[in-house]
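Student: Handing over query.txt, compact mmCIF, C-alpha atoms.
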# COMPACT_ATOMS: atom_id res chain seq x y z
CA MET L 18 104.76 102.88 123.80
CA PRO L 19 102.01 100.30 124.24
CA ASP L 20 101.23 97.99 121.37
CA ASN L 21 97.83 99.13 120.15
CA THR L 22 97.91 97.40 116.76
CA GLU L 23 94.45 96.19 115.79
CA THR L 24 93.49 93.24 113.68
CA ALA L 25 92.38 93.92 110.12
CA GLU L 26 88.86 92.84 111.10
CA ASP L 27 88.77 95.31 114.01
CA ALA L 28 90.31 98.20 112.12
CA VAL L 29 88.57 97.97 108.79
CA SER L 30 85.18 96.38 109.16
CA ALA L 31 84.19 96.86 112.76
CA GLY L 32 82.61 99.35 115.09
CA ALA L 33 80.43 99.68 118.14
CA THR L 34 77.59 101.68 119.54
CA THR L 35 79.38 102.27 122.83
CA GLU L 36 81.14 105.63 122.97
CA ASP L 37 84.68 105.54 124.33
CA THR L 38 85.21 108.34 126.83
CA GLY L 39 88.50 107.19 128.28
CA ASP L 40 90.88 109.18 126.07
CA ALA L 41 92.34 112.51 127.02
CA ARG L 42 91.23 115.27 124.71
CA TYR L 43 93.79 116.90 122.45
CA GLY L 44 93.69 120.68 122.14
CA GLU L 45 93.38 120.59 118.38
CA ASN L 46 91.84 123.07 116.02
CA ALA L 47 88.12 122.40 116.20
CA ASP L 48 88.06 122.25 112.39
CA ASP L 49 90.45 119.27 112.26
CA VAL L 50 89.00 115.76 112.27
CA LEU L 51 92.45 114.11 111.98
CA VAL L 52 95.73 115.28 113.49
CA VAL L 53 98.95 113.31 112.90
CA GLN L 54 102.06 114.33 114.81
CA GLY L 55 105.63 113.10 114.43
CA LEU L 56 104.97 109.56 113.19
CA ARG L 57 108.01 107.32 112.93
CA ARG L 58 108.15 103.65 111.91
CA SER L 59 111.26 101.60 111.22
CA TYR L 60 111.80 98.08 109.95
CA GLY L 61 115.30 97.16 111.02
CA ALA L 62 117.63 99.74 109.50
CA VAL L 63 114.95 101.07 107.13
CA ARG L 64 112.98 104.07 108.35
CA ALA L 65 109.69 103.72 106.49
CA VAL L 66 108.05 106.74 108.14
CA ASP L 67 110.23 109.58 109.39
CA ASP L 68 108.63 112.38 111.45
CA VAL L 69 105.43 112.68 109.43
CA SER L 70 102.86 115.27 110.56
CA PHE L 71 99.70 116.63 108.93
CA THR L 72 96.11 117.62 109.65
CA LEU L 73 92.82 116.93 107.90
CA PRO L 74 89.84 119.27 108.46
CA HIS L 75 86.27 118.04 108.85
CA GLY L 76 84.95 117.34 105.37
CA GLY L 77 88.38 117.93 103.85
CA SER L 78 90.36 115.88 101.36
CA LEU L 79 94.11 115.36 101.72
CA GLY L 80 96.34 113.52 99.27
CA ILE L 81 99.54 111.71 100.23
CA VAL L 82 101.68 111.32 97.13
CA GLY L 83 104.87 109.43 96.48
CA GLU L 84 106.43 106.56 94.58
CA SER L 85 106.56 102.99 95.84
CA GLY L 86 108.63 102.89 99.01
CA SER L 87 107.91 106.50 99.92
CA GLY L 88 106.13 105.52 103.14
CA LYS L 89 102.66 106.71 102.18
CA THR L 90 100.91 103.36 102.65
CA THR L 91 102.68 102.66 105.94
CA THR L 92 101.52 106.08 107.15
CA ALA L 93 97.94 105.23 106.16
CA ARG L 94 98.06 101.86 107.90
CA ILE L 95 99.23 103.54 111.10
CA VAL L 96 96.36 106.03 110.89
CA VAL L 97 93.87 103.19 110.44
CA GLY L 98 95.41 101.07 113.20
CA LEU L 99 96.74 98.21 111.10
CA GLU L 100 100.32 99.03 112.10
CA ARG L 101 101.91 100.51 115.21
CA ALA L 102 104.05 103.63 115.15
CA ASP L 103 107.38 103.58 116.97
CA GLU L 104 106.82 107.24 117.85
CA GLY L 105 104.17 109.88 117.28
CA GLU L 106 100.48 110.43 117.85
CA VAL L 107 97.27 110.15 115.84
CA TYR L 108 94.15 112.01 116.97
CA VAL L 109 90.67 111.62 115.50
CA ARG L 110 87.96 114.02 116.64
CA GLY L 111 90.39 115.11 119.32
CA ARG L 112 90.90 111.64 120.80
CA SER L 113 94.20 109.83 120.79
CA ARG L 114 94.31 106.56 118.87
CA THR L 115 97.62 105.66 120.52
CA GLU L 116 96.28 104.82 123.98
CA ARG L 117 95.52 101.17 124.68
CA ARG L 118 91.79 100.38 124.59
CA ARG L 119 90.51 97.82 127.07
CA GLY L 120 87.86 95.41 125.93
CA ARG L 121 86.37 94.62 122.56
CA ALA L 122 83.74 97.37 122.67
CA GLN L 123 86.34 100.10 123.11
CA ARG L 124 88.58 98.70 120.39
CA LEU L 125 85.66 98.56 117.98
CA ALA L 126 84.57 102.06 118.94
CA ARG L 127 87.97 103.33 117.88
CA ALA L 128 87.95 101.23 114.72
CA ARG L 129 84.71 102.88 113.65
CA GLU L 130 86.41 106.30 113.58
CA VAL L 131 88.56 105.46 110.55
CA GLN L 132 87.72 103.10 107.69
CA MET L 133 89.88 102.04 104.76
CA VAL L 134 89.12 101.21 101.12
CA PHE L 135 91.82 99.12 99.48
CA GLN L 136 93.08 98.99 95.91
CA ASP L 137 91.64 95.52 95.22
CA PRO L 138 88.13 95.18 96.65
CA LEU L 139 87.96 91.52 95.61
CA GLN L 140 90.59 90.76 98.24
CA SER L 141 88.68 92.59 100.99
CA LEU L 142 85.22 91.14 100.22
CA ASP L 143 84.18 87.63 101.23
CA PRO L 144 83.64 85.76 97.92
CA ARG L 145 80.88 83.66 99.54
CA THR L 146 78.87 86.60 100.85
CA SER L 147 76.40 88.62 98.83
CA VAL L 148 76.44 92.42 98.78
CA GLU L 149 73.40 92.66 101.03
CA ALA L 150 74.72 90.08 103.50
CA ALA L 151 78.05 91.90 103.77
CA LEU L 152 76.32 95.17 104.57
CA ARG L 153 73.92 93.52 107.03
CA GLU L 154 76.80 91.83 108.85
CA THR L 155 78.51 95.19 109.31
CA LEU L 156 75.31 96.90 110.44
CA ARG L 157 74.45 94.14 112.92
CA LEU L 158 77.84 94.58 114.54
CA HIS L 159 77.73 98.38 114.68
CA PHE L 160 74.07 99.28 115.02
CA PRO L 161 72.06 96.24 116.18
CA GLU L 162 68.98 98.30 117.09
CA ARG L 163 68.58 100.10 113.76
CA ASP L 164 66.39 99.28 110.76
CA HIS L 165 68.84 97.31 108.63
CA ASP L 166 66.52 96.92 105.66
CA ARG L 167 66.20 100.67 105.25
CA ARG L 168 69.91 101.32 105.85
CA VAL L 169 71.01 98.71 103.30
CA ARG L 170 68.82 100.37 100.68
CA GLU L 171 70.22 103.78 101.60
CA LEU L 172 73.81 102.59 101.31
CA LEU L 173 73.25 100.92 97.95
CA ASP L 174 71.59 104.05 96.62
CA GLN L 175 74.34 106.24 98.06
CA VAL L 176 77.04 104.41 96.08
CA GLY L 177 74.94 104.16 92.92
CA LEU L 178 74.24 100.43 92.92
CA GLY L 179 70.57 100.12 93.81
CA THR L 180 68.86 97.01 95.09
CA ARG L 181 69.47 94.99 91.90
CA ALA L 182 73.03 94.30 93.08
CA ALA L 183 71.98 93.26 96.59
CA ASP L 184 71.96 89.51 95.91
CA ALA L 185 75.14 89.42 93.81
CA LEU L 186 78.37 87.78 94.92
CA PRO L 187 81.60 89.79 94.45
CA ARG L 188 82.79 87.66 91.53
CA ARG L 189 79.61 88.53 89.61
CA LEU L 190 80.33 92.25 89.82
CA SER L 191 82.63 94.45 87.78
CA GLY L 192 85.69 96.06 89.35
CA GLY L 193 83.90 99.38 89.67
CA GLN L 194 80.84 97.76 91.25
CA ARG L 195 83.00 95.89 93.76
CA GLN L 196 84.70 99.13 94.74
CA ARG L 197 81.28 100.71 95.26
CA VAL L 198 80.41 97.83 97.59
CA ALA L 199 83.64 98.35 99.53
CA ILE L 200 82.85 102.06 99.86
CA ALA L 201 79.29 101.28 101.01
CA ARG L 202 80.57 98.89 103.66
CA ALA L 203 83.02 101.51 104.93
CA LEU L 204 80.31 104.18 105.02
CA ALA L 205 77.97 101.87 106.93
CA VAL L 206 79.78 102.59 110.21
CA GLU L 207 79.62 106.37 109.65
CA PRO L 208 83.36 107.00 110.02
CA ALA L 209 84.97 110.37 110.60
CA VAL L 210 87.78 109.59 108.14
CA LEU L 211 87.86 107.41 105.03
CA VAL L 212 91.33 106.29 103.92
CA LEU L 213 91.51 105.39 100.23
CA ASP L 214 94.69 103.46 99.42
CA GLU L 215 95.13 103.55 95.63
CA ALA L 216 91.38 102.95 95.55
CA VAL L 217 90.97 103.62 91.81
CA ALA L 218 94.40 102.49 90.57
CA ALA L 219 93.15 99.08 89.35
CA LEU L 220 90.14 100.47 87.47
CA ASP L 221 89.73 101.53 83.85
CA VAL L 222 90.04 105.26 83.30
CA SER L 223 86.32 105.74 82.65
CA VAL L 224 85.42 103.76 85.78
CA GLN L 225 88.00 105.74 87.77
CA ALA L 226 86.16 108.92 86.84
CA GLN L 227 82.84 107.44 87.98
CA ILE L 228 84.23 106.40 91.37
CA LEU L 229 85.95 109.75 91.89
CA ASN L 230 82.72 111.57 91.05
CA LEU L 231 80.89 109.30 93.49
CA LEU L 232 83.38 110.11 96.24
CA ALA L 233 83.06 113.82 95.52
CA ASP L 234 79.27 113.58 95.83
CA ILE L 235 79.52 111.67 99.12
CA ARG L 236 81.91 114.25 100.57
CA GLU L 237 79.52 117.02 99.56
CA GLN L 238 76.63 115.24 101.29
CA THR L 239 78.48 114.34 104.49
CA SER L 240 81.18 115.70 106.78
CA ILE L 241 83.52 112.75 106.21
CA GLY L 242 87.20 113.52 105.66
CA TYR L 243 89.16 111.77 102.91
CA LEU L 244 92.79 110.67 103.04
CA PHE L 245 93.87 109.67 99.52
CA ILE L 246 97.00 107.53 99.21
CA THR L 247 98.09 107.58 95.60
CA HIS L 248 100.90 107.90 93.10
CA ASP L 249 98.52 109.39 90.53
CA LEU L 250 98.80 113.17 90.35
CA GLY L 251 95.68 113.28 88.20
CA VAL L 252 93.66 111.82 91.08
CA VAL L 253 95.24 114.29 93.48
CA ARG L 254 94.41 117.21 91.21
CA CYS L 255 90.77 116.16 90.87
CA VAL L 256 89.74 115.22 94.40
CA THR L 257 92.02 116.75 97.04
CA ASP L 258 92.17 120.17 98.67
CA ASP L 259 95.65 119.72 100.12
CA VAL L 260 98.58 117.43 99.41
CA ILE L 261 101.73 116.20 101.05
CA VAL L 262 104.57 114.69 99.04
CA MET L 263 106.61 111.90 100.64
CA ARG L 264 110.03 110.54 99.75
CA HIS L 265 112.03 107.96 101.69
CA GLY L 266 109.54 108.12 104.54
CA ALA L 267 109.64 111.90 105.02
CA VAL L 268 107.41 114.76 103.91
CA VAL L 269 109.34 116.88 101.41
CA GLU L 270 106.55 119.28 100.42
CA ALA L 271 103.06 120.16 101.61
CA GLY L 272 100.41 122.74 100.75
CA ARG L 273 97.25 123.46 98.85
CA THR L 274 96.97 121.01 95.97
CA ALA L 275 96.54 123.62 93.24
CA GLU L 276 99.54 125.60 94.46
CA VAL L 277 101.85 122.60 94.87
CA LEU L 278 101.03 121.22 91.43
CA ALA L 279 101.26 124.62 89.75
CA ALA L 280 104.52 125.70 91.36
CA PRO L 281 106.29 122.82 93.14
CA GLN L 282 109.15 123.92 95.36
CA HIS L 283 110.97 120.64 95.98
CA PRO L 284 113.01 118.94 93.22
CA TYR L 285 111.32 115.61 93.93
CA THR L 286 107.84 117.09 93.45
CA ARG L 287 108.97 118.63 90.18
CA LEU L 288 110.35 115.24 89.15
CA LEU L 289 107.01 113.55 89.88
CA LEU L 290 105.22 116.09 87.72
CA GLU L 291 107.74 115.72 84.92
CA SER L 292 107.31 111.93 85.04
CA VAL L 293 103.71 112.14 83.80
CA PRO L 294 103.72 111.11 80.10
CA ARG L 295 102.88 113.96 77.71
CA PRO L 296 104.08 115.35 74.35
CA GLY L 297 107.85 115.83 74.47
CA TRP L 298 108.20 113.51 77.44
CA ASP L 299 111.77 112.19 77.79
CA PRO L 300 111.84 109.12 80.07
CA GLU L 301 115.62 108.72 79.80
CA ARG L 302 116.21 112.26 81.04
CA ILE L 303 113.75 111.75 83.88
CA ALA L 304 115.42 108.46 84.87
CA ALA L 305 118.78 110.22 84.97
CA ALA L 306 117.32 113.02 87.07
CA ARG L 307 115.86 110.49 89.51
CA ARG L 308 119.26 108.80 89.92
CA ALA L 309 120.91 112.16 90.55
CA LEU L 310 118.35 113.34 93.12
Starting from the file, give its structure as structure tokens.
Tutor:
Amino acid sequence: MPDNTETAEDAVSAGATTEDTGDARYGENADDVLVVQGLRRSYGAVRAVDDVSFTLPHGGSLGIVGESGSGKTTTARIVVGLERADEGEVYVRGRSRTERRRGRAQRLARAREVQMVFQDPLQSLDPRTSVEAALRETLRLHFPERDHDRRVRELLDQVGLGTRAADALPRRLSGGQRQRVAIARALAVEPAVLVLDEAVAALDVSVQAQILNLLADIREQTSIGYLFITHDLGVVRCVTDDVIVMRHGAVVEAGRTAEVLAAPQHPYTRLLLESVPRPGWDPERIAAARRAL
């Protein structure tokens, strides 16, 4: 398989106006914006991703749940293009993301399809660049002929910041505001899929709720598909339509979120639900059950 791994700059913050027409079309369900088939990724003797498959419909929201080491983040990085799969295919809008793209324009065209929002926005934002400058830089790269002034205002309004934050540097913003900037920058390239890797895990509970409400509003207004990578079942319950549960690199359960959380079929899924602190919670019993599983 050719090495199609992209740089973080290409995969996360880049795009192009040139459409790539070189890929063979995949005969997918027309309702699916993302199709993942048989992904495998190993690091030496460790199989981080083991035959993972799923689909995401246009405008849908899919959660990938699991503990640290389950393979969920590696799966997401393969979807984005930050890592290469040993086997398997990823299709976005019916086009393979596995085929080698020739030239910068084609690589950036593919990068625009999928954007990623990380857990710590301070690490993904340039500390020397203001909010407005970061958005303008992205827009100049993707859409050089458009009205950037108008689009910057639209993006700031869309994520609930407004123009007052335009001149601020990342360090002058709160954690929630920085995450809104990261979301705005991702939305600037009009992606088909937005991957959110523990995107609210570092925020206070009240701020988490604000960001999740914001994401729900954006999904309602657009046709973007969300791929949530999280260990937080509360997040999954609130913002996803479907969920897959991963353990040791493999999918152990998948289905509609409400059904999986209400009546989990796999012992590991039940263990995850039982691990959420609540009245009568017994961490020692849960730890013993995890060792026995």
Student: Restricting the calculation to all atoms listed in the file, which member of L:Met133, L:Leu178, L:Val269, L:Val260 is positioned closest to Leu213 (chain L)?
Tutor: L:Met133
Student: Let me make sure I understand: among L:Glu149, L:Glu215, L:Glu207, L:Asp164, which one has the smallest atom-to-atom distance to Ala183 (chain L) if we use all atoms listed in the file?
Tutor: L:Glu149
Student: Around (108.1, 106.2, 118.2) in the file's frame, which residues reach within 10 Å when counting all atoms listed in the file? Return as an mmCIF file with C-alpha atoms, in the frame of the given file?
Tutor:
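Okay, selection_9.cif is ready:
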data_model
loop_
_atom_site.group_PDB
_atom_site.id
_atom_site.type_symbol
_atom_site.label_atom_id
_atom_site.label_comp_id
_atom_site.auth_asym_id
_atom_site.auth_seq_id
_atom_site.Cartn_x
_atom_site.Cartn_y
_atom_site.Cartn_z
ATOM 1 C CA MET L 18 104.760 102.880 123.800
ATOM 2 C CA GLY L 55 105.630 113.100 114.430
ATOM 3 C CA LEU L 56 104.970 109.560 113.190
ATOM 4 C CA ARG L 57 108.010 107.320 112.930
ATOM 5 C CA ARG L 58 108.150 103.650 111.910
ATOM 6 C CA SER L 59 111.260 101.600 111.220
ATOM 7 C CA ASP L 67 110.230 109.580 109.390
ATOM 8 C CA ASP L 68 108.630 112.380 111.450
ATOM 9 C CA ARG L 101 101.910 100.510 115.210
ATOM 10 C CA ALA L 102 104.050 103.630 115.150
ATOM 11 C CA ASP L 103 107.380 103.580 116.970
ATOM 12 C CA GLU L 104 106.820 107.240 117.850
ATOM 13 C CA GLY L 105 104.170 109.880 117.280
ATOM 14 C CA GLU L 106 100.480 110.430 117.850
#
Student: Please determine, counting only C-alpha atoms, which residue among L:Phe160, L:Phe71, L:Phe135, L:Tyr60 has the shortest atom-to-atom distance to Val107 (chain L).
Tutor: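 Smallest separation from Val107 (chain L) among the options: L:Phe71.
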Student: Kindly give the distance, in Å, that separates CA of Ile241 (chain L) and CA of Arg189 (chain L), rounded to a single decimal.
Tutor: 29.6 Å
Student: Measure the distance from CA of Leu211 (chain L) to CA of Gln136 (chain L) in Å and round it to one decimal.
Tutor: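 Value for the CA of Leu211 (chain L)-CA of Gln136 (chain L) distance: 13.5 Å.
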Student: Write out as JSON, numbers by chain which residues come within 9 Å of His165 (chain L) when counting only C-alpha atoms, dropping same-chain ones fewer than 6 positions away.
Tutor: {"L": [152, 153, 156, 157]}
Student: Mind dumping the selected residues with C-alpha atoms as a compact mmCIF listing (two decimals), in the frame of the given file?
Tutor:
# COMPACT_ATOMS: atom_id res chain seq x y z
CA LEU L 152 76.32 95.17 104.57
CA ARG L 153 73.92 93.52 107.03
CA LEU L 156 75.31 96.90 110.44
CA ARG L 157 74.45 94.14 112.92
Student: As number ranges by chain, please: the residues near Asp249 (chain L) (cut-off 9 Å, only C-alpha atoms, same-chain neighbours under 4 positions excluded).
Tutor: L: 82-83, 215, 218, 253-254, 293
Student: Do you know which residues are at most 10 Å from Arg114 (chain L) counting only C-alpha atoms, after dropping those on the same chain fewer than 4 positions away, and could you put them as a ChimeraX atom specification?
Tutor: /L:21,40,95-98,106-109,118,124,127-128,130
Student: Axis-aligned box over every listed atom of region 195-214 of chain L, padded by 5 Å per side: centre and edges in Å to one decimal, as AutoDock Vina command-line options?
Tutor:
--center_x 86.3 --center_y 103.1 --center_z 102.2 --size_x 26.7 --size_y 24.5 --size_z 26.8
Student: For a test of reading the model, state the distance in Å between CA of Ala182 (chain L) and CA of Thr257 (chain L), rounded to one decimal.
Tutor: 29.7 Å
Student: Quick one: residues within 10 Å of Arg197 (chain L), all atoms listed in the file, excluding same-chain residues fewer than 3 positions away - as a PDB file with C-alpha atoms, keeping the file's coordinate frame?
Tutor:
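The new file selection.pdb reads:
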ATOM      1  CA  VAL L 134      89.120 101.210 101.120  1.00  0.00           C
ATOM      2  CA  PRO L 138      88.130  95.180  96.650  1.00  0.00           C
ATOM      3  CA  LEU L 172      73.810 102.590 101.310  1.00  0.00           C
ATOM      4  CA  LEU L 173      73.250 100.920  97.950  1.00  0.00           C
ATOM      5  CA  GLN L 175      74.340 106.240  98.060  1.00  0.00           C
ATOM      6  CA  VAL L 176      77.040 104.410  96.080  1.00  0.00           C
ATOM      7  CA  GLY L 177      74.940 104.160  92.920  1.00  0.00           C
ATOM      8  CA  LEU L 178      74.240 100.430  92.920  1.00  0.00           C
ATOM      9  CA  SER L 191      82.630  94.450  87.780  1.00  0.00           C
ATOM     10  CA  GLY L 192      85.690  96.060  89.350  1.00  0.00           C
ATOM     11  CA  GLY L 193      83.900  99.380  89.670  1.00  0.00           C
ATOM     12  CA  GLN L 194      80.840  97.760  91.250  1.00  0.00           C
ATOM     13  CA  ILE L 200      82.850 102.060  99.860  1.00  0.00           C
ATOM     14  CA  ALA L 201      79.290 101.280 101.010  1.00  0.00           C
ATOM     15  CA  ARG L 202      80.570  98.890 103.660  1.00  0.00           C
ATOM     16  CA  ALA L 203      83.020 101.510 104.930  1.00  0.00           C
ATOM     17  CA  ILE L 228      84.230 106.400  91.370  1.00  0.00           C
ATOM     18  CA  LEU L 231      80.890 109.300  93.490  1.00  0.00           C
ATOM     19  CA  LEU L 232      83.380 110.110  96.240  1.00  0.00           C
TER      20      LEU L 232
END
